[in-house]
>>> print(open('final.pdb').read())   # PDB, N, CA and C atoms and all ligand atoms
ATOM      1  N   MET A 285       0.863  -1.209   0.000  1.00  0.00           N
ATOM      2  CA  MET A 285       0.000   0.000   0.000  1.00  0.00           C
ATOM      3  C   MET A 285       0.881   1.234   0.000  1.00  0.00           C
ATOM      4  N   GLN A 286       0.632   2.080  -0.963  1.00  0.00           N
ATOM      5  CA  GLN A 286       1.426   3.304  -1.003  1.00  0.00           C
ATOM      6  C   GLN A 286       0.969   4.275   0.087  1.00  0.00           C
ATOM      7  N   GLU A 287       1.868   5.167   0.458  1.00  0.00           N
ATOM      8  CA  GLU A 287       1.498   6.154   1.464  1.00  0.00           C
ATOM      9  C   GLU A 287       0.555   7.188   0.867  1.00  0.00           C
ATOM     10  N   ARG A 288      -0.480   7.467   1.601  1.00  0.00           N
ATOM     11  CA  ARG A 288      -1.431   8.487   1.192  1.00  0.00           C
ATOM     12  C   ARG A 288      -1.404   9.602   2.230  1.00  0.00           C
ATOM     13  N   ASN A 289      -1.684  10.785   1.783  1.00  0.00           N
ATOM     14  CA  ASN A 289      -1.887  11.897   2.712  1.00  0.00           C
ATOM     15  C   ASN A 289      -0.732  12.028   3.708  1.00  0.00           C
ATOM     16  N   ASN A 290       0.490  11.733   3.235  1.00  0.00           N
ATOM     17  CA  ASN A 290       1.664  11.823   4.110  1.00  0.00           C
ATOM     18  C   ASN A 290       1.516  10.988   5.370  1.00  0.00           C
ATOM     19  N   ASN A 291       0.740   9.911   5.261  1.00  0.00           N
ATOM     20  CA  ASN A 291       0.578   9.014   6.407  1.00  0.00           C
ATOM     21  C   ASN A 291       0.049   9.774   7.632  1.00  0.00           C
ATOM     22  N   THR A 292      -0.845  10.700   7.380  1.00  0.00           N
ATOM     23  CA  THR A 292      -1.416  11.524   8.439  1.00  0.00           C
ATOM     24  C   THR A 292      -2.926  11.309   8.495  1.00  0.00           C
ATOM     25  N   CYS A 293      -3.457  11.120   9.686  1.00  0.00           N
ATOM     26  CA  CYS A 293      -4.892  10.921   9.844  1.00  0.00           C
ATOM     27  C   CYS A 293      -5.651  12.143   9.333  1.00  0.00           C
ATOM     28  N   GLN A 294      -6.605  11.902   8.449  1.00  0.00           N
ATOM     29  CA  GLN A 294      -7.357  13.001   7.853  1.00  0.00           C
ATOM     30  C   GLN A 294      -8.424  13.554   8.791  1.00  0.00           C
ATOM     31  N   SER A 295      -8.621  12.910   9.915  1.00  0.00           N
ATOM     32  CA  SER A 295      -9.606  13.398  10.868  1.00  0.00           C
ATOM     33  C   SER A 295      -8.961  14.184  12.001  1.00  0.00           C
ATOM     34  N   CYS A 296      -7.984  13.594  12.673  1.00  0.00           N
ATOM     35  CA  CYS A 296      -7.420  14.242  13.861  1.00  0.00           C
ATOM     36  C   CYS A 296      -5.998  14.745  13.655  1.00  0.00           C
ATOM     37  N   GLY A 297      -5.392  14.411  12.502  1.00  0.00           N
ATOM     38  CA  GLY A 297      -4.063  14.938  12.211  1.00  0.00           C
ATOM     39  C   GLY A 297      -2.918  14.136  12.792  1.00  0.00           C
ATOM     40  N   LYS A 298      -3.229  13.029  13.448  1.00  0.00           N
ATOM     41  CA  LYS A 298      -2.170  12.187  13.992  1.00  0.00           C
ATOM     42  C   LYS A 298      -1.351  11.586  12.859  1.00  0.00           C
ATOM     43  N   LYS A 299      -0.046  11.523  13.065  1.00  0.00           N
ATOM     44  CA  LYS A 299       0.842  10.951  12.060  1.00  0.00           C
ATOM     45  C   LYS A 299       1.243   9.536  12.442  1.00  0.00           C
ATOM     46  N   GLY A 300       1.376   8.671  11.437  1.00  0.00           N
ATOM     47  CA  GLY A 300       1.929   7.346  11.696  1.00  0.00           C
ATOM     48  C   GLY A 300       3.408   7.484  12.031  1.00  0.00           C
ATOM     49  N   GLN A 301       3.832   6.813  13.061  1.00  0.00           N
ATOM     50  CA  GLN A 301       5.226   6.900  13.508  1.00  0.00           C
ATOM     51  C   GLN A 301       6.039   5.764  12.919  1.00  0.00           C
ATOM     52  N   ASP A 302       7.301   6.068  12.597  1.00  0.00           N
ATOM     53  CA  ASP A 302       8.303   5.044  12.289  1.00  0.00           C
ATOM     54  C   ASP A 302       7.770   3.734  11.731  1.00  0.00           C
ATOM     55  N   GLY A 303       7.366   3.783  10.497  1.00  0.00           N
ATOM     56  CA  GLY A 303       6.996   2.535   9.853  1.00  0.00           C
ATOM     57  C   GLY A 303       5.591   2.067  10.172  1.00  0.00           C
ATOM     58  N   GLU A 304       4.943   2.713  11.127  1.00  0.00           N
ATOM     59  CA  GLU A 304       3.548   2.373  11.406  1.00  0.00           C
ATOM     60  C   GLU A 304       2.712   3.026  10.320  1.00  0.00           C
ATOM     61  N   SER A 305       1.929   2.245   9.618  1.00  0.00           N
ATOM     62  CA  SER A 305       1.089   2.887   8.619  1.00  0.00           C
ATOM     63  C   SER A 305      -0.330   2.973   9.137  1.00  0.00           C
ATOM     64  N   LEU A 306      -0.944   4.066   8.817  1.00  0.00           N
ATOM     65  CA  LEU A 306      -2.318   4.286   9.246  1.00  0.00           C
ATOM     66  C   LEU A 306      -3.257   3.488   8.353  1.00  0.00           C
ATOM     67  N   ASP A 307      -4.491   3.407   8.776  1.00  0.00           N
ATOM     68  CA  ASP A 307      -5.480   2.644   8.023  1.00  0.00           C
ATOM     69  C   ASP A 307      -5.993   3.437   6.829  1.00  0.00           C
ATOM     70  N   VAL A 308      -6.408   2.713   5.826  1.00  0.00           N
ATOM     71  CA  VAL A 308      -7.112   3.345   4.711  1.00  0.00           C
ATOM     72  C   VAL A 308      -8.591   3.013   4.866  1.00  0.00           C
ATOM     73  N   HIS A 309      -9.370   4.051   5.021  1.00  0.00           N
ATOM     74  CA  HIS A 309     -10.814   3.884   5.203  1.00  0.00           C
ATOM     75  C   HIS A 309     -11.519   4.076   3.862  1.00  0.00           C
ATOM     76  N   HIS A 310     -12.421   3.168   3.552  1.00  0.00           N
ATOM     77  CA  HIS A 310     -13.251   3.303   2.358  1.00  0.00           C
ATOM     78  C   HIS A 310     -14.521   4.036   2.767  1.00  0.00           C
ATOM     79  N   THR A 311     -14.681   5.268   2.326  1.00  0.00           N
ATOM     80  CA  THR A 311     -15.837   6.047   2.771  1.00  0.00           C
ATOM     81  C   THR A 311     -17.140   5.482   2.215  1.00  0.00           C
ATOM     82  N   TYR A 312     -17.091   4.907   1.043  1.00  0.00           N
ATOM     83  CA  TYR A 312     -18.214   4.119   0.554  1.00  0.00           C
ATOM     84  C   TYR A 312     -17.819   2.671   0.791  1.00  0.00           C
ATOM     85  N   PRO A 313     -18.628   1.915   1.549  1.00  0.00           N
ATOM     86  CA  PRO A 313     -18.168   0.589   1.974  1.00  0.00           C
ATOM     87  C   PRO A 313     -17.766  -0.284   0.794  1.00  0.00           C
ATOM     88  N   LEU A 314     -16.604  -0.865   0.917  1.00  0.00           N
ATOM     89  CA  LEU A 314     -16.078  -1.676  -0.176  1.00  0.00           C
ATOM     90  C   LEU A 314     -17.009  -2.852  -0.490  1.00  0.00           C
ATOM     91  N   ASN A 315     -17.642  -3.396   0.541  1.00  0.00           N
ATOM     92  CA  ASN A 315     -18.575  -4.506   0.296  1.00  0.00           C
ATOM     93  C   ASN A 315     -19.736  -4.057  -0.579  1.00  0.00           C
ATOM     94  N   ASN A 316     -20.210  -2.833  -0.334  1.00  0.00           N
ATOM     95  CA  ASN A 316     -21.309  -2.307  -1.152  1.00  0.00           C
ATOM     96  C   ASN A 316     -20.849  -2.098  -2.586  1.00  0.00           C
ATOM     97  N   TRP A 317     -19.621  -1.618  -2.702  1.00  0.00           N
ATOM     98  CA  TRP A 317     -19.028  -1.378  -4.023  1.00  0.00           C
ATOM     99  C   TRP A 317     -19.016  -2.694  -4.822  1.00  0.00           C
ATOM    100  N   ILE A 318     -18.564  -3.747  -4.167  1.00  0.00           N
ATOM    101  CA  ILE A 318     -18.492  -5.048  -4.835  1.00  0.00           C
ATOM    102  C   ILE A 318     -19.902  -5.566  -5.124  1.00  0.00           C
ATOM    103  N   ASP A 319     -20.818  -5.344  -4.160  1.00  0.00           N
ATOM    104  CA  ASP A 319     -22.214  -5.754  -4.381  1.00  0.00           C
ATOM    105  C   ASP A 319     -22.824  -5.038  -5.575  1.00  0.00           C
ATOM    106  N   ASP A 320     -22.342  -3.841  -5.835  1.00  0.00           N
ATOM    107  CA  ASP A 320     -22.815  -3.087  -6.992  1.00  0.00           C
ATOM    108  C   ASP A 320     -22.276  -3.656  -8.302  1.00  0.00           C
ATOM    109  N   GLY A 321     -21.422  -4.664  -8.196  1.00  0.00           N
ATOM    110  CA  GLY A 321     -20.851  -5.266  -9.387  1.00  0.00           C
ATOM    111  C   GLY A 321     -19.615  -4.552  -9.900  1.00  0.00           C
ATOM    112  N   GLU A 322     -19.042  -3.698  -9.026  1.00  0.00           N
ATOM    113  CA  GLU A 322     -17.866  -2.929  -9.433  1.00  0.00           C
ATOM    114  C   GLU A 322     -16.588  -3.697  -9.101  1.00  0.00           C
ATOM    115  N   ASP A 323     -15.539  -3.373  -9.837  1.00  0.00           N
ATOM    116  CA  ASP A 323     -14.231  -3.975  -9.605  1.00  0.00           C
ATOM    117  C   ASP A 323     -13.512  -3.200  -8.509  1.00  0.00           C
ATOM    118  N   PRO A 324     -13.043  -3.886  -7.462  1.00  0.00           N
ATOM    119  CA  PRO A 324     -12.311  -3.177  -6.391  1.00  0.00           C
ATOM    120  C   PRO A 324     -11.144  -2.351  -6.923  1.00  0.00           C
ATOM    121  N   ASN A 325     -10.561  -2.773  -8.032  1.00  0.00           N
ATOM    122  CA  ASN A 325      -9.447  -2.003  -8.602  1.00  0.00           C
ATOM    123  C   ASN A 325      -9.900  -0.667  -9.170  1.00  0.00           C
ATOM    124  N   ASP A 326     -11.198  -0.533  -9.405  1.00  0.00           N
ATOM    125  CA  ASP A 326     -11.733   0.724  -9.945  1.00  0.00           C
ATOM    126  C   ASP A 326     -12.213   1.661  -8.847  1.00  0.00           C
ATOM    127  N   TYR A 327     -12.016   1.271  -7.591  1.00  0.00           N
ATOM    128  CA  TYR A 327     -12.491   2.098  -6.484  1.00  0.00           C
ATOM    129  C   TYR A 327     -11.829   3.477  -6.559  1.00  0.00           C
ATOM    130  N   PRO A 328     -12.633   4.541  -6.502  1.00  0.00           N
ATOM    131  CA  PRO A 328     -12.056   5.897  -6.680  1.00  0.00           C
ATOM    132  C   PRO A 328     -11.154   6.310  -5.517  1.00  0.00           C
ATOM    133  N   ASP A 329     -10.006   6.834  -5.848  1.00  0.00           N
ATOM    134  CA  ASP A 329      -9.095   7.339  -4.823  1.00  0.00           C
ATOM    135  C   ASP A 329      -9.749   8.399  -3.942  1.00  0.00           C
ATOM    136  N   ASP A 330     -10.652   9.167  -4.538  1.00  0.00           N
ATOM    137  CA  ASP A 330     -11.321  10.240  -3.797  1.00  0.00           C
ATOM    138  C   ASP A 330     -12.091   9.719  -2.594  1.00  0.00           C
ATOM    139  N   TRP A 331     -12.450   8.464  -2.638  1.00  0.00           N
ATOM    140  CA  TRP A 331     -13.285   7.910  -1.571  1.00  0.00           C
ATOM    141  C   TRP A 331     -12.469   7.202  -0.514  1.00  0.00           C
ATOM    142  N   LEU A 332     -11.163   7.297  -0.629  1.00  0.00           N
ATOM    143  CA  LEU A 332     -10.301   6.730   0.394  1.00  0.00           C
ATOM    144  C   LEU A 332      -9.850   7.820   1.345  1.00  0.00           C
ATOM    145  N   MET A 333      -9.782   7.478   2.611  1.00  0.00           N
ATOM    146  CA  MET A 333      -9.270   8.405   3.613  1.00  0.00           C
ATOM    147  C   MET A 333      -8.222   7.694   4.446  1.00  0.00           C
ATOM    148  N   THR A 334      -7.151   8.398   4.767  1.00  0.00           N
ATOM    149  CA  THR A 334      -6.170   7.869   5.704  1.00  0.00           C
ATOM    150  C   THR A 334      -6.629   8.218   7.114  1.00  0.00           C
ATOM    151  N   LEU A 335      -6.787   7.210   7.934  1.00  0.00           N
ATOM    152  CA  LEU A 335      -7.239   7.418   9.314  1.00  0.00           C
ATOM    153  C   LEU A 335      -6.416   6.564  10.257  1.00  0.00           C
ATOM    154  N   ASP A 336      -6.223   7.059  11.464  1.00  0.00           N
ATOM    155  CA  ASP A 336      -5.579   6.204  12.452  1.00  0.00           C
ATOM    156  C   ASP A 336      -6.621   5.233  13.012  1.00  0.00           C
ATOM    157  N   LYS A 337      -6.173   4.302  13.831  1.00  0.00           N
ATOM    158  CA  LYS A 337      -7.076   3.218  14.224  1.00  0.00           C
ATOM    159  C   LYS A 337      -8.318   3.721  14.945  1.00  0.00           C
ATOM    160  N   SER A 338      -8.154   4.671  15.858  1.00  0.00           N
ATOM    161  CA  SER A 338      -9.321   5.091  16.637  1.00  0.00           C
ATOM    162  C   SER A 338     -10.322   5.830  15.758  1.00  0.00           C
ATOM    163  N   CYS A 339      -9.821   6.661  14.843  1.00  0.00           N
ATOM    164  CA  CYS A 339     -10.732   7.366  13.940  1.00  0.00           C
ATOM    165  C   CYS A 339     -11.373   6.390  12.947  1.00  0.00           C
ATOM    166  N   HIS A 340     -10.627   5.379  12.556  1.00  0.00           N
ATOM    167  CA  HIS A 340     -11.174   4.391  11.633  1.00  0.00           C
ATOM    168  C   HIS A 340     -12.340   3.639  12.274  1.00  0.00           C
ATOM    169  N   THR A 341     -12.185   3.316  13.553  1.00  0.00           N
ATOM    170  CA  THR A 341     -13.260   2.629  14.265  1.00  0.00           C
ATOM    171  C   THR A 341     -14.515   3.492  14.294  1.00  0.00           C
ATOM    172  N   LYS A 342     -14.317   4.792  14.566  1.00  0.00           N
ATOM    173  CA  LYS A 342     -15.465   5.708  14.579  1.00  0.00           C
ATOM    174  C   LYS A 342     -16.089   5.812  13.192  1.00  0.00           C
ATOM    175  N   ALA A 343     -15.233   5.881  12.184  1.00  0.00           N
ATOM    176  CA  ALA A 343     -15.735   6.020  10.817  1.00  0.00           C
ATOM    177  C   ALA A 343     -16.596   4.817  10.443  1.00  0.00           C
ATOM    178  N   ASP A 344     -16.115   3.632  10.794  1.00  0.00           N
ATOM    179  CA  ASP A 344     -16.869   2.429  10.458  1.00  0.00           C
ATOM    180  C   ASP A 344     -18.177   2.355  11.237  1.00  0.00           C
ATOM    181  N   ALA A 345     -18.224   3.008  12.378  1.00  0.00           N
ATOM    182  CA  ALA A 345     -19.448   3.046  13.169  1.00  0.00           C
ATOM    183  C   ALA A 345     -20.372   4.180  12.719  1.00  0.00           C
ATOM    184  N   GLN A 346     -19.938   4.948  11.720  1.00  0.00           N
ATOM    185  CA  GLN A 346     -20.728   6.071  11.217  1.00  0.00           C
ATOM    186  C   GLN A 346     -21.007   7.072  12.322  1.00  0.00           C
ATOM    187  N   ASP A 347     -19.978   7.303  13.107  1.00  0.00           N
ATOM    188  CA  ASP A 347     -20.101   8.174  14.256  1.00  0.00           C
ATOM    189  C   ASP A 347     -19.741   9.604  13.861  1.00  0.00           C
ATOM    190  N   GLY A 348     -20.384  10.556  14.499  1.00  0.00           N
ATOM    191  CA  GLY A 348     -20.004  11.953  14.339  1.00  0.00           C
ATOM    192  C   GLY A 348     -20.029  12.422  12.894  1.00  0.00           C
ATOM    193  N   ASP A 349     -18.898  12.964  12.460  1.00  0.00           N
ATOM    194  CA  ASP A 349     -18.824  13.590  11.149  1.00  0.00           C
ATOM    195  C   ASP A 349     -18.683  12.591  10.008  1.00  0.00           C
ATOM    196  N   PHE A 350     -18.499  11.334  10.346  1.00  0.00           N
ATOM    197  CA  PHE A 350     -18.234  10.370   9.292  1.00  0.00           C
ATOM    198  C   PHE A 350     -19.520   9.872   8.666  1.00  0.00           C
ATOM    199  N   LYS A 351     -19.756  10.248   7.480  1.00  0.00           N
ATOM    200  CA  LYS A 351     -20.922   9.777   6.734  1.00  0.00           C
ATOM    201  C   LYS A 351     -20.440   9.366   5.363  1.00  0.00           C
ATOM    202  N   TYR A 352     -21.068   8.351   4.839  1.00  0.00           N
ATOM    203  CA  TYR A 352     -20.714   7.943   3.489  1.00  0.00           C
ATOM    204  C   TYR A 352     -21.148   9.024   2.519  1.00  0.00           C
ATOM    205  N   PRO A 353     -20.318   9.350   1.576  1.00  0.00           N
ATOM    206  CA  PRO A 353     -20.726  10.324   0.565  1.00  0.00           C
ATOM    207  C   PRO A 353     -21.763   9.667  -0.345  1.00  0.00           C
ATOM    208  N   PRO A 354     -22.632  10.465  -0.932  1.00  0.00           N
ATOM    209  CA  PRO A 354     -23.569   9.885  -1.886  1.00  0.00           C
ATOM    210  C   PRO A 354     -22.795   9.289  -3.052  1.00  0.00           C
ATOM    211  N   LYS A 355     -23.237   8.168  -3.508  1.00  0.00           N
ATOM    212  CA  LYS A 355     -22.568   7.545  -4.649  1.00  0.00           C
ATOM    213  C   LYS A 355     -23.080   8.197  -5.913  1.00  0.00           C
ATOM    214  N   THR A 356     -22.165   8.757  -6.665  1.00  0.00           N
ATOM    215  CA  THR A 356     -22.555   9.436  -7.901  1.00  0.00           C
ATOM    216  C   THR A 356     -22.503   8.452  -9.051  1.00  0.00           C
ATOM    217  N   GLU A 357     -23.423   8.602  -9.924  1.00  0.00           N
ATOM    218  CA  GLU A 357     -23.478   7.671 -11.077  1.00  0.00           C
ATOM    219  C   GLU A 357     -22.623   8.191 -12.200  1.00  0.00           C
TER     220      GLU A 357
HETATM  221 ZN    ZN B 401      -7.294  10.177  13.834  1.00  0.00          ZN
END
>>> encode(input="final.pdb", output="structure tokens")
Amino acid sequence: MQERNNNTCQSCGKKGQDGESLDVHHTYPLNNWIDDGEDPNDYPDDWLMTLDKSCHTKADAQDGDFKYPPKTE
């Protein structure tokens, strides 16, 4: 996985330390993407976010500011 966003959490600004890589969050759930019949390799970069573990957990729980963007056709 290549480094995105300078390996910095896009929510809280925390940086991955020394070889620790942060998580890549799929803002539109990857399972839904595949269910739509799409190829995971075609997943738009725009819908990826670099998040640290705690923010990723919140994002997956759809907590606070984290909402899936509308899927554009
Ligand atoms: Zn964070």
>>> resolve_selection(input="final.pdb", expression="the PyMOL selection byres (((not hetatm) and name CA) within 6 of (chain B and resi 401))", output="number ranges by chain")
A: 293, 295-298, 335-336, 339
>>> write_last_selection(input="final.pdb", atoms="N, CA and C atoms", output="mmCIF file, in the coordinates of the input")
data_model
loop_
_atom_site.group_PDB
_atom_site.id
_atom_site.type_symbol
_atom_site.label_atom_id
_atom_site.label_comp_id
_atom_site.auth_asym_id
_atom_site.auth_seq_id
_atom_site.Cartn_x
_atom_site.Cartn_y
_atom_site.Cartn_z
ATOM 1 N N CYS A 293 -3.457 11.120 9.686
ATOM 2 C CA CYS A 293 -4.892 10.921 9.844
ATOM 3 C C CYS A 293 -5.651 12.143 9.333
ATOM 4 N N SER A 295 -8.621 12.910 9.915
ATOM 5 C CA SER A 295 -9.606 13.398 10.868
ATOM 6 C C SER A 295 -8.961 14.184 12.001
ATOM 7 N N CYS A 296 -7.984 13.594 12.673
ATOM 8 C CA CYS A 296 -7.420 14.242 13.861
ATOM 9 C C CYS A 296 -5.998 14.745 13.655
ATOM 10 N N GLY A 297 -5.392 14.411 12.502
ATOM 11 C CA GLY A 297 -4.063 14.938 12.211
ATOM 12 C C GLY A 297 -2.918 14.136 12.792
ATOM 13 N N LYS A 298 -3.229 13.029 13.448
ATOM 14 C CA LYS A 298 -2.170 12.187 13.992
ATOM 15 C C LYS A 298 -1.351 11.586 12.859
ATOM 16 N N LEU A 335 -6.787 7.210 7.934
ATOM 17 C CA LEU A 335 -7.239 7.418 9.314
ATOM 18 C C LEU A 335 -6.416 6.564 10.257
ATOM 19 N N ASP A 336 -6.223 7.059 11.464
ATOM 20 C CA ASP A 336 -5.579 6.204 12.452
ATOM 21 C C ASP A 336 -6.621 5.233 13.012
ATOM 22 N N CYS A 339 -9.821 6.661 14.843
ATOM 23 C CA CYS A 339 -10.732 7.366 13.940
ATOM 24 C C CYS A 339 -11.373 6.390 12.947
#
>>> resolve_selection(input="final.pdb", expression="the PyMOL selection byres (((chain A and resi 303-313) around 7) and not hetatm)", output="PyMOL selection string")
chain A and resi 291-293+299-302+314-318+331-337+340+351-353
>>> atom_distance(input="final.pdb", atom1="CA of Pro328 (chain A)", atom2="CA of Asn289 (chain A)")
15.1 Å
>>> atom_distance(input="final.pdb", atom1="CA of Gly321 (chain A)", atom2="atom N of Ala343 (chain A)")
24.9 Å
>>> atom_distance(input="final.pdb", atom1="atom C of Gln294 (chain A)", atom2="atom C of Asp330 (chain A)")
12.6 Å
